[in-house]
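Undergrad: Next comes the structure file coords37.cif, holding mmCIF, C-alpha atoms and all ligand atoms.
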data_coords
#
loop_
_atom_site.label_atom_id
_atom_site.label_comp_id
_atom_site.auth_asym_id
_atom_site.auth_seq_id
_atom_site.Cartn_x
_atom_site.Cartn_y
_atom_site.Cartn_z
CA MET A 29 -15.15 -19.76 10.25
CA THR A 30 -11.44 -19.14 9.50
CA LYS A 31 -10.24 -15.56 9.76
CA PRO A 32 -9.35 -13.81 6.49
CA ILE A 33 -5.61 -13.27 6.05
CA VAL A 34 -4.26 -9.84 5.13
CA LEU A 35 -0.70 -8.73 4.42
CA VAL A 36 0.07 -5.06 5.04
CA THR A 37 3.45 -3.91 3.73
CA GLY A 38 5.41 -1.16 5.50
CA ALA A 39 3.63 -1.92 8.76
CA SER A 40 6.43 -0.84 11.13
CA ARG A 41 4.98 2.67 11.57
CA GLY A 42 2.59 5.25 10.17
CA LEU A 43 -0.47 4.26 8.16
CA GLY A 44 0.70 0.66 7.66
CA ARG A 45 0.96 0.05 11.39
CA GLU A 46 -2.42 1.69 12.02
CA ALA A 47 -4.06 -0.37 9.25
CA ALA A 48 -2.51 -3.57 10.68
CA ARG A 49 -3.72 -2.72 14.19
CA ARG A 50 -7.26 -1.96 13.01
CA LEU A 51 -7.52 -5.08 10.83
CA ALA A 52 -6.46 -7.26 13.76
CA GLU A 53 -9.24 -5.62 15.79
CA GLU A 54 -11.66 -6.44 12.95
CA GLY A 55 -10.77 -10.13 13.31
CA TYR A 56 -8.32 -10.55 10.43
CA THR A 57 -5.16 -12.62 10.69
CA VAL A 58 -2.69 -9.82 10.02
CA LEU A 59 0.77 -10.30 8.54
CA ALA A 60 2.82 -7.15 9.05
CA GLY A 61 5.44 -6.82 6.32
CA VAL A 62 8.49 -5.18 7.90
CA ARG A 63 12.01 -4.85 6.57
CA ASP A 64 13.46 -4.67 10.08
CA SER A 65 11.38 -6.94 12.28
CA VAL A 66 13.33 -5.91 15.39
CA SER A 67 12.32 -2.26 15.22
CA MET A 68 8.56 -2.88 15.01
CA LYS A 69 6.84 -2.70 18.37
CA PRO A 70 4.59 -5.77 18.71
CA LEU A 71 0.84 -5.41 18.10
CA PRO A 72 -1.71 -7.87 19.53
CA GLY A 73 -2.82 -10.42 16.95
CA VAL A 74 -0.27 -9.27 14.36
CA GLU A 75 2.41 -11.59 12.94
CA ARG A 76 5.59 -9.93 11.67
CA LEU A 77 6.76 -11.01 8.22
CA PRO A 78 10.27 -10.00 7.06
CA LEU A 79 9.74 -8.13 3.80
CA ASP A 80 11.77 -5.51 1.94
CA VAL A 81 9.55 -4.44 -0.94
CA ALA A 82 12.54 -3.09 -2.87
CA ASP A 83 14.20 -6.52 -2.86
CA PRO A 84 12.70 -9.06 -5.32
CA ALA A 85 14.29 -12.00 -3.43
CA SER A 86 12.70 -10.83 -0.18
CA ILE A 87 9.26 -10.71 -1.88
CA VAL A 88 9.66 -14.25 -3.25
CA ALA A 89 10.77 -15.49 0.19
CA ALA A 90 7.80 -13.78 1.91
CA ALA A 91 5.33 -15.38 -0.52
CA ALA A 92 6.90 -18.80 0.12
CA THR A 93 6.61 -18.25 3.88
CA VAL A 94 2.94 -17.25 3.63
CA LYS A 95 2.18 -20.24 1.40
CA ALA A 96 3.90 -22.63 3.81
CA ARG A 97 2.33 -21.15 6.97
CA HIS A 98 -1.15 -20.18 5.78
CA GLY A 99 -1.68 -21.72 2.33
CA HIS A 100 -3.36 -18.63 0.91
CA LEU A 101 -3.82 -14.85 1.19
CA ASP A 102 -7.12 -12.93 1.08
CA VAL A 103 -5.98 -9.30 0.99
CA LEU A 104 -2.74 -7.56 0.03
CA VAL A 105 -2.31 -3.93 1.13
CA ASN A 106 0.64 -2.42 -0.75
CA ASN A 107 1.34 0.41 1.68
CA ALA A 108 5.16 0.68 1.97
CA ALA A 109 6.65 3.70 0.22
CA ILE A 110 9.45 6.25 0.40
CA LEU A 111 9.56 9.96 -0.26
CA LEU A 112 13.18 10.92 -0.84
CA ASP A 113 12.89 14.19 -2.76
CA ASP A 114 11.44 16.95 -0.69
CA GLN A 115 10.32 19.99 -2.67
CA ASN A 116 12.45 19.21 -5.76
CA ASP A 117 10.91 19.81 -9.14
CA VAL A 118 11.53 17.61 -12.16
CA LEU A 119 14.19 19.91 -13.66
CA SER A 120 16.57 19.09 -10.82
CA LEU A 121 15.48 15.49 -10.38
CA ASP A 122 18.33 13.02 -9.95
CA GLY A 123 17.89 9.88 -12.09
CA ASP A 124 19.24 7.53 -9.44
CA LEU A 125 16.85 8.93 -6.86
CA LEU A 126 13.97 8.39 -9.28
CA LYS A 127 15.09 4.79 -9.87
CA ARG A 128 15.24 4.08 -6.12
CA THR A 129 11.81 5.63 -5.62
CA LEU A 130 10.25 3.63 -8.47
CA GLU A 131 11.85 0.43 -7.15
CA THR A 132 10.06 0.78 -3.80
CA ASN A 133 6.84 2.64 -4.64
CA SER A 134 5.95 1.18 -8.06
CA LEU A 135 7.89 -2.01 -8.82
CA GLY A 136 7.52 -3.21 -5.21
CA PRO A 137 3.69 -3.32 -5.36
CA LEU A 138 3.81 -4.86 -8.85
CA ARG A 139 6.20 -7.62 -7.73
CA LEU A 140 4.11 -8.24 -4.62
CA ALA A 141 0.97 -8.62 -6.72
CA GLN A 142 2.82 -11.01 -9.04
CA ALA A 143 4.08 -13.09 -6.11
CA PHE A 144 0.86 -13.15 -4.07
CA ALA A 145 -1.91 -13.28 -6.71
CA PRO A 146 -1.27 -17.02 -7.17
CA LEU A 147 -2.14 -17.45 -3.47
CA MET A 148 -5.42 -15.53 -3.80
CA ALA A 149 -8.85 -16.93 -4.61
CA ARG A 150 -12.02 -15.30 -6.05
CA GLY A 151 -13.01 -12.45 -3.71
CA GLY A 152 -9.38 -11.51 -3.03
CA ARG A 153 -8.40 -7.85 -2.88
CA ILE A 154 -5.27 -5.88 -3.67
CA VAL A 155 -5.17 -2.34 -2.30
CA ASN A 156 -2.43 -0.06 -3.62
CA VAL A 157 -1.83 2.93 -1.36
CA SER A 158 -1.22 5.76 -3.78
CA SER A 159 -1.38 9.53 -3.43
CA ALA A 160 -3.05 12.58 -4.91
CA GLY A 161 0.54 13.42 -5.94
CA GLY A 162 0.16 10.77 -8.65
CA GLN A 163 -2.97 12.26 -10.23
CA LEU A 164 -2.49 13.19 -13.90
CA SER A 165 -5.77 15.13 -13.81
CA ALA A 166 -4.40 17.54 -11.17
CA PRO A 167 -0.60 17.53 -11.57
CA SER A 168 1.52 18.02 -8.46
CA THR A 169 5.01 19.47 -8.84
CA TRP A 170 6.42 18.91 -5.35
CA SER A 171 8.65 15.85 -4.84
CA SER A 172 8.55 14.85 -8.48
CA ALA A 173 10.12 11.39 -8.07
CA TYR A 174 7.49 10.47 -5.50
CA CYS A 175 4.65 11.86 -7.66
CA ILE A 176 5.92 10.03 -10.77
CA SER A 177 6.15 6.79 -8.76
CA LYS A 178 2.53 7.12 -7.65
CA THR A 179 1.37 7.85 -11.22
CA ALA A 180 3.16 4.65 -12.23
CA LEU A 181 1.49 2.81 -9.35
CA ASN A 182 -1.90 4.01 -10.60
CA ALA A 183 -1.13 2.68 -14.09
CA ILE A 184 -0.01 -0.63 -12.55
CA THR A 185 -3.30 -0.74 -10.60
CA VAL A 186 -5.35 -0.45 -13.81
CA GLN A 187 -3.27 -3.13 -15.55
CA LEU A 188 -3.54 -5.51 -12.59
CA ALA A 189 -7.28 -4.90 -12.25
CA GLU A 190 -7.85 -5.92 -15.87
CA ALA A 191 -5.53 -8.93 -15.61
CA LEU A 192 -7.13 -10.21 -12.41
CA LYS A 193 -10.79 -9.43 -13.24
CA PRO A 194 -11.39 -12.89 -14.77
CA ARG A 195 -10.18 -14.44 -11.50
CA GLY A 196 -12.52 -12.29 -9.38
CA ILE A 197 -9.67 -10.46 -7.61
CA ALA A 198 -10.29 -6.73 -7.09
CA VAL A 199 -7.42 -4.26 -7.49
CA ASN A 200 -7.80 -0.60 -6.54
CA ALA A 201 -5.68 2.42 -5.66
CA VAL A 202 -6.42 4.65 -2.70
CA CYS A 203 -5.31 8.06 -1.47
CA PRO A 204 -5.31 8.39 2.32
CA GLY A 205 -5.21 12.19 2.15
CA TRP A 206 -2.44 14.25 3.75
CA VAL A 207 -1.83 12.51 7.07
CA ARG A 208 0.30 13.22 10.15
CA THR A 209 3.00 10.52 9.88
CA ASP A 210 6.79 10.61 9.48
CA MET A 211 6.16 11.06 5.75
CA GLY A 212 3.24 13.50 6.00
CA GLY A 213 4.77 15.64 8.78
CA LEU A 214 3.17 17.47 11.68
CA GLU A 215 1.42 20.08 9.52
CA ALA A 216 -0.82 17.53 7.82
CA PRO A 217 -4.52 18.07 8.51
CA ARG A 218 -5.54 14.41 8.78
CA SER A 219 -5.15 12.01 11.69
CA LEU A 220 -3.81 8.47 11.36
CA GLN A 221 -7.35 7.25 11.93
CA GLN A 222 -8.77 9.32 9.06
CA GLY A 223 -6.00 8.17 6.69
CA ALA A 224 -6.41 4.54 7.70
CA ASP A 225 -10.21 4.81 7.30
CA SER A 226 -9.69 5.79 3.66
CA ILE A 227 -7.47 2.75 3.03
CA LEU A 228 -9.58 0.31 5.03
CA TRP A 229 -12.77 1.18 3.15
CA LEU A 230 -11.36 -0.86 0.26
CA VAL A 231 -10.66 -3.83 2.54
CA LEU A 232 -13.76 -3.79 4.72
CA LYS A 233 -16.57 -1.96 2.95
CA ALA A 234 -16.18 -1.82 -0.85
CA ALA A 235 -18.29 -4.33 -2.77
CA PRO A 236 -16.14 -7.25 -3.99
CA ASP A 237 -16.74 -6.36 -7.65
CA VAL A 238 -15.39 -2.80 -7.22
CA THR A 239 -12.13 -2.89 -9.18
CA GLY A 240 -9.83 -0.70 -11.26
CA GLY A 241 -10.62 2.57 -9.44
CA PHE A 242 -8.85 5.32 -7.52
CA TRP A 243 -10.53 6.17 -4.20
CA ARG A 244 -10.43 8.50 -1.22
CA ASP A 245 -12.79 8.18 1.76
CA GLY A 246 -14.93 5.69 -0.16
CA GLN A 247 -15.44 8.10 -3.08
CA ARG A 248 -14.01 7.61 -6.56
CA ILE A 249 -11.42 10.27 -7.51
CA ALA A 250 -9.95 11.13 -10.90
CA TRP A 251 -6.74 9.47 -12.08
N1 LIG A 301 1.29 10.52 5.07
C1 LIG A 301 0.70 11.09 4.03
O1 LIG A 301 0.32 12.28 4.07
C2 LIG A 301 0.43 10.31 2.77
C3 LIG A 301 -0.30 10.94 1.75
C4 LIG A 301 -0.59 10.23 0.58
C5 LIG A 301 -0.15 8.92 0.46
N2 LIG A 301 0.57 8.34 1.48
C6 LIG A 301 0.99 6.95 1.29
O2 LIG A 301 0.59 6.18 2.41
C7 LIG A 301 1.52 5.09 2.60
C8 LIG A 301 2.03 5.10 4.02
O3 LIG A 301 2.67 6.35 4.26
P1 LIG A 301 3.10 6.85 5.71
O4 LIG A 301 2.77 8.28 5.76
O5 LIG A 301 2.60 5.92 6.75
O6 LIG A 301 4.70 6.71 5.58
P2 LIG A 301 5.84 6.53 6.69
O7 LIG A 301 5.34 7.00 8.00
O8 LIG A 301 7.05 7.15 6.10
O9 LIG A 301 6.00 4.94 6.75
C9 LIG A 301 6.48 4.28 5.61
C10 LIG A 301 6.50 2.81 5.87
O10 LIG A 301 6.97 2.15 4.68
C11 LIG A 301 8.03 1.29 5.06
N3 LIG A 301 8.98 1.06 3.97
C12 LIG A 301 9.64 1.96 3.22
N4 LIG A 301 10.45 1.33 2.35
C13 LIG A 301 10.27 0.00 2.55
C14 LIG A 301 10.81 -1.17 1.96
N5 LIG A 301 11.73 -1.12 0.98
N6 LIG A 301 10.38 -2.37 2.41
C15 LIG A 301 9.46 -2.45 3.40
N7 LIG A 301 8.94 -1.38 4.01
C16 LIG A 301 9.34 -0.17 3.59
C17 LIG A 301 8.67 1.94 6.27
O11 LIG A 301 9.46 0.98 6.96
P3 LIG A 301 10.78 1.36 7.84
O12 LIG A 301 10.27 1.68 9.22
O13 LIG A 301 11.59 0.12 7.77
O14 LIG A 301 11.43 2.54 7.18
C18 LIG A 301 7.43 2.40 7.03
O15 LIG A 301 6.86 1.33 7.72
C19 LIG A 301 2.61 5.29 1.54
O16 LIG A 301 2.33 4.53 0.41
C20 LIG A 301 2.49 6.77 1.20
O17 LIG A 301 3.00 7.07 -0.08
C21 LIG A 301 0.86 9.00 2.62
#
Turn this file's structure into structure tokens for me.
Ligand SMILES: NC(=O)c1ccc[n+]([C@@H]2O[C@H](COP(=O)([O-])OP(=O)(O)OC[C@H]3O[C@@H](n4cnc5c(N)ncnc54)[C@H](OP(=O)(O)O)[C@@H]3O)[C@@H](O)[C@H]2O)c1
TA:
Amino acid sequence: MTKPIVLVTGASRGLGREAARRLAEEGYTVLAGVRDSVSMKPLPGVERLPLDVADPASIVAAAATVKARHGHLDVLVNNAAILLDDQNDVLSLDGDLLKRTLETNSLGPLRLAQAFAPLMARGGRIVNVSSAGGQLSAPSTWSSAYCISKTALNAITVQLAEALKPRGIAVNAVCPGWVRTDMGGLEAPRSLQQGADSILWLVLKAAPDVTGGFWRDGQRIAW
């Protein structure tokens, strides 16, 4: 049997690297999307793929590379993100900073889905790594650009899920919880393993017809 192929974006460090490592252990062919392939320490069984999610040309080039090398993709994990505004509320939010954040955290995953969905067959999965910061049902006011970008990512998830349902491709959003990474900081209560478990449930354990939801630790959470 051929190994399923998964692309994890933002795999140079943090949750993306941990997800890539674990999926290789699970027997997947793992493509690690990294914008600086030199800085990523190698992982056994993981192939580095140059990919800047904020650069549309880089996304198109990555999809062409995957098509040429592998012919198809089974799973896309849209993990890469930035958090540029620490503790700023919306009244002091800089428009350019919001644009840069949306470009990476919201448009990046959308463009990746657009570029890679044509390479995916029935049973394919797209996992958008979102955040509780994007929940409209429980508004967060810290880092407003980041939170807005994750709300947008959630909306994109719902739109993609509907668009790809007829093709049998599942699209979901997931919150890893507050995790000790460069982004989450040392105070965060969750380990890398716990955060990655939450993401990987959608790759490894969710039924293939589970689509259009927002999840944490395998449980549905409110948008
Ligand atoms: N940590 C938390 O508490 C937490 C909570 C909720 C949600 N999340 C979400 O979980 C995901 C992973 O977060 P993390 O904590 O692991 O973050 P992190 O430690 O800051 O790592 C972010 C990763 O994204 C990559 N990245 C950023 N911009 C990129 C771009 N334009 N192109 C390609 N890669 C790019 C970084 O690559 P470089 O090394 O090149 O910078 C790095 O690999 C994110 O979507 C985040 O929003 C995290």
Undergrad: Within 7 Å of ligand LIG 301 (chain A), counting only C-alpha atoms and all ligand atoms: which residues, as an MDAnalysis selection string?
TA: chainID A and resid 37:44 61:64 79:82 107:110 132 157:160 203:212 216
Undergrad: Do a neighbour search on A:Glu53 at 9 Å with all atoms listed in the file, toss out local chain neighbours closer than 5 positions, and write the hits as a PDB file with C-alpha atoms, keeping the file's coordinate frame.
TA:
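The resulting around-v6.pdb:
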ATOM      1  CA  ALA A  48      -2.510  -3.570  10.680  1.00  0.00           C
ATOM      2  CA  PRO A  72      -1.710  -7.870  19.530  1.00  0.00           C
ATOM      3  CA  GLY A  73      -2.820 -10.420  16.950  1.00  0.00           C
TER       4      GLY A  73
END
Undergrad: Which polymer residues have any atom within 7 Å of an atom of stretch 114-118 of chain A, counting all atoms listed in the file, with same-chain residues fewer than 5 positions away left out, as a ChimeraX atom specification?
TA: /A:169-172
Undergrad: So which residues touch stretch 86-100 of chain A within 7 Å, counting all atoms listed in the file, skipping near sequence neighbours fewer than 3 positions away, as a PyMOL selection string?
TA: chain A and resi 77-81+83+140+143-144+147-148
Undergrad: Next, dump the selected residues to file, keeping only C-alpha atoms, as a compact mmCIF listing (two decimals), keeping the file's coordinate frame.
TA:
# COMPACT_ATOMS: atom_id res chain seq x y z
CA LEU A 77 6.76 -11.01 8.22
CA PRO A 78 10.27 -10.00 7.06
CA LEU A 79 9.74 -8.13 3.80
CA ASP A 80 11.77 -5.51 1.94
CA VAL A 81 9.55 -4.44 -0.94
CA ASP A 83 14.20 -6.52 -2.86
CA LEU A 140 4.11 -8.24 -4.62
CA ALA A 143 4.08 -13.09 -6.11
CA PHE A 144 0.86 -13.15 -4.07
CA LEU A 147 -2.14 -17.45 -3.47
CA MET A 148 -5.42 -15.53 -3.80
Undergrad: Work out how far apart atom CA of A:Leu104 and atom CA of A:Val202 are and give it in Å to one decimal.
TA: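 Spanning atom CA of A:Leu104 to atom CA of A:Val202 is a straight-line distance of 13.0 Å.
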Undergrad: Closest to A:Leu35 among A:Arg153, A:Arg244, A:Arg128, A:Lys178, using all atoms listed in the file?
TA: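 Between A:Arg153, A:Arg244, A:Arg128, A:Lys178, the residue approaching A:Leu35 most closely is A:Arg153.
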Undergrad: Env of A:Ser134: 9 Å cut, atoms = all atoms listed in the file, seq-sep filter 6 positions within chain, self excluded. Answer as a list in words.
TA: Ala109, Ser177, Lys178, Thr179, Ala180, Leu181, Asn182 and Ile184 of chain A
Undergrad: As an exercise, work out the distance from atom CA of A:Thr129 to atom CA of A:Gly161 in Å and give it to one decimal place.
TA: 13.7 Å
Undergrad: Would you mind telling me which residue in A:Leu228, A:Ala183, A:Ala149, A:Ile154 lies nearest to A:Leu135 when using all atoms listed in the file?
TA: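 Using all atoms listed in the file, the shortest distance to A:Leu135 belongs to A:Ala183.
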Undergrad: What is the distance between atom CA of A:Val58 and atom CA of A:Gly152, in Å to one decimal?
TA: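 Going from atom CA of A:Val58 over to atom CA of A:Gly152 covers 14.8 Å.
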Undergrad: Can you pull out every residue within 7 Å of A:Lys31, counting all atoms listed in the file, but drop anything in the same chain fewer than 3 positions away, and send it as a list in words?
TA: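 Within the cut-off, the hits are Gly55, Tyr56 and Thr57 of chain A.
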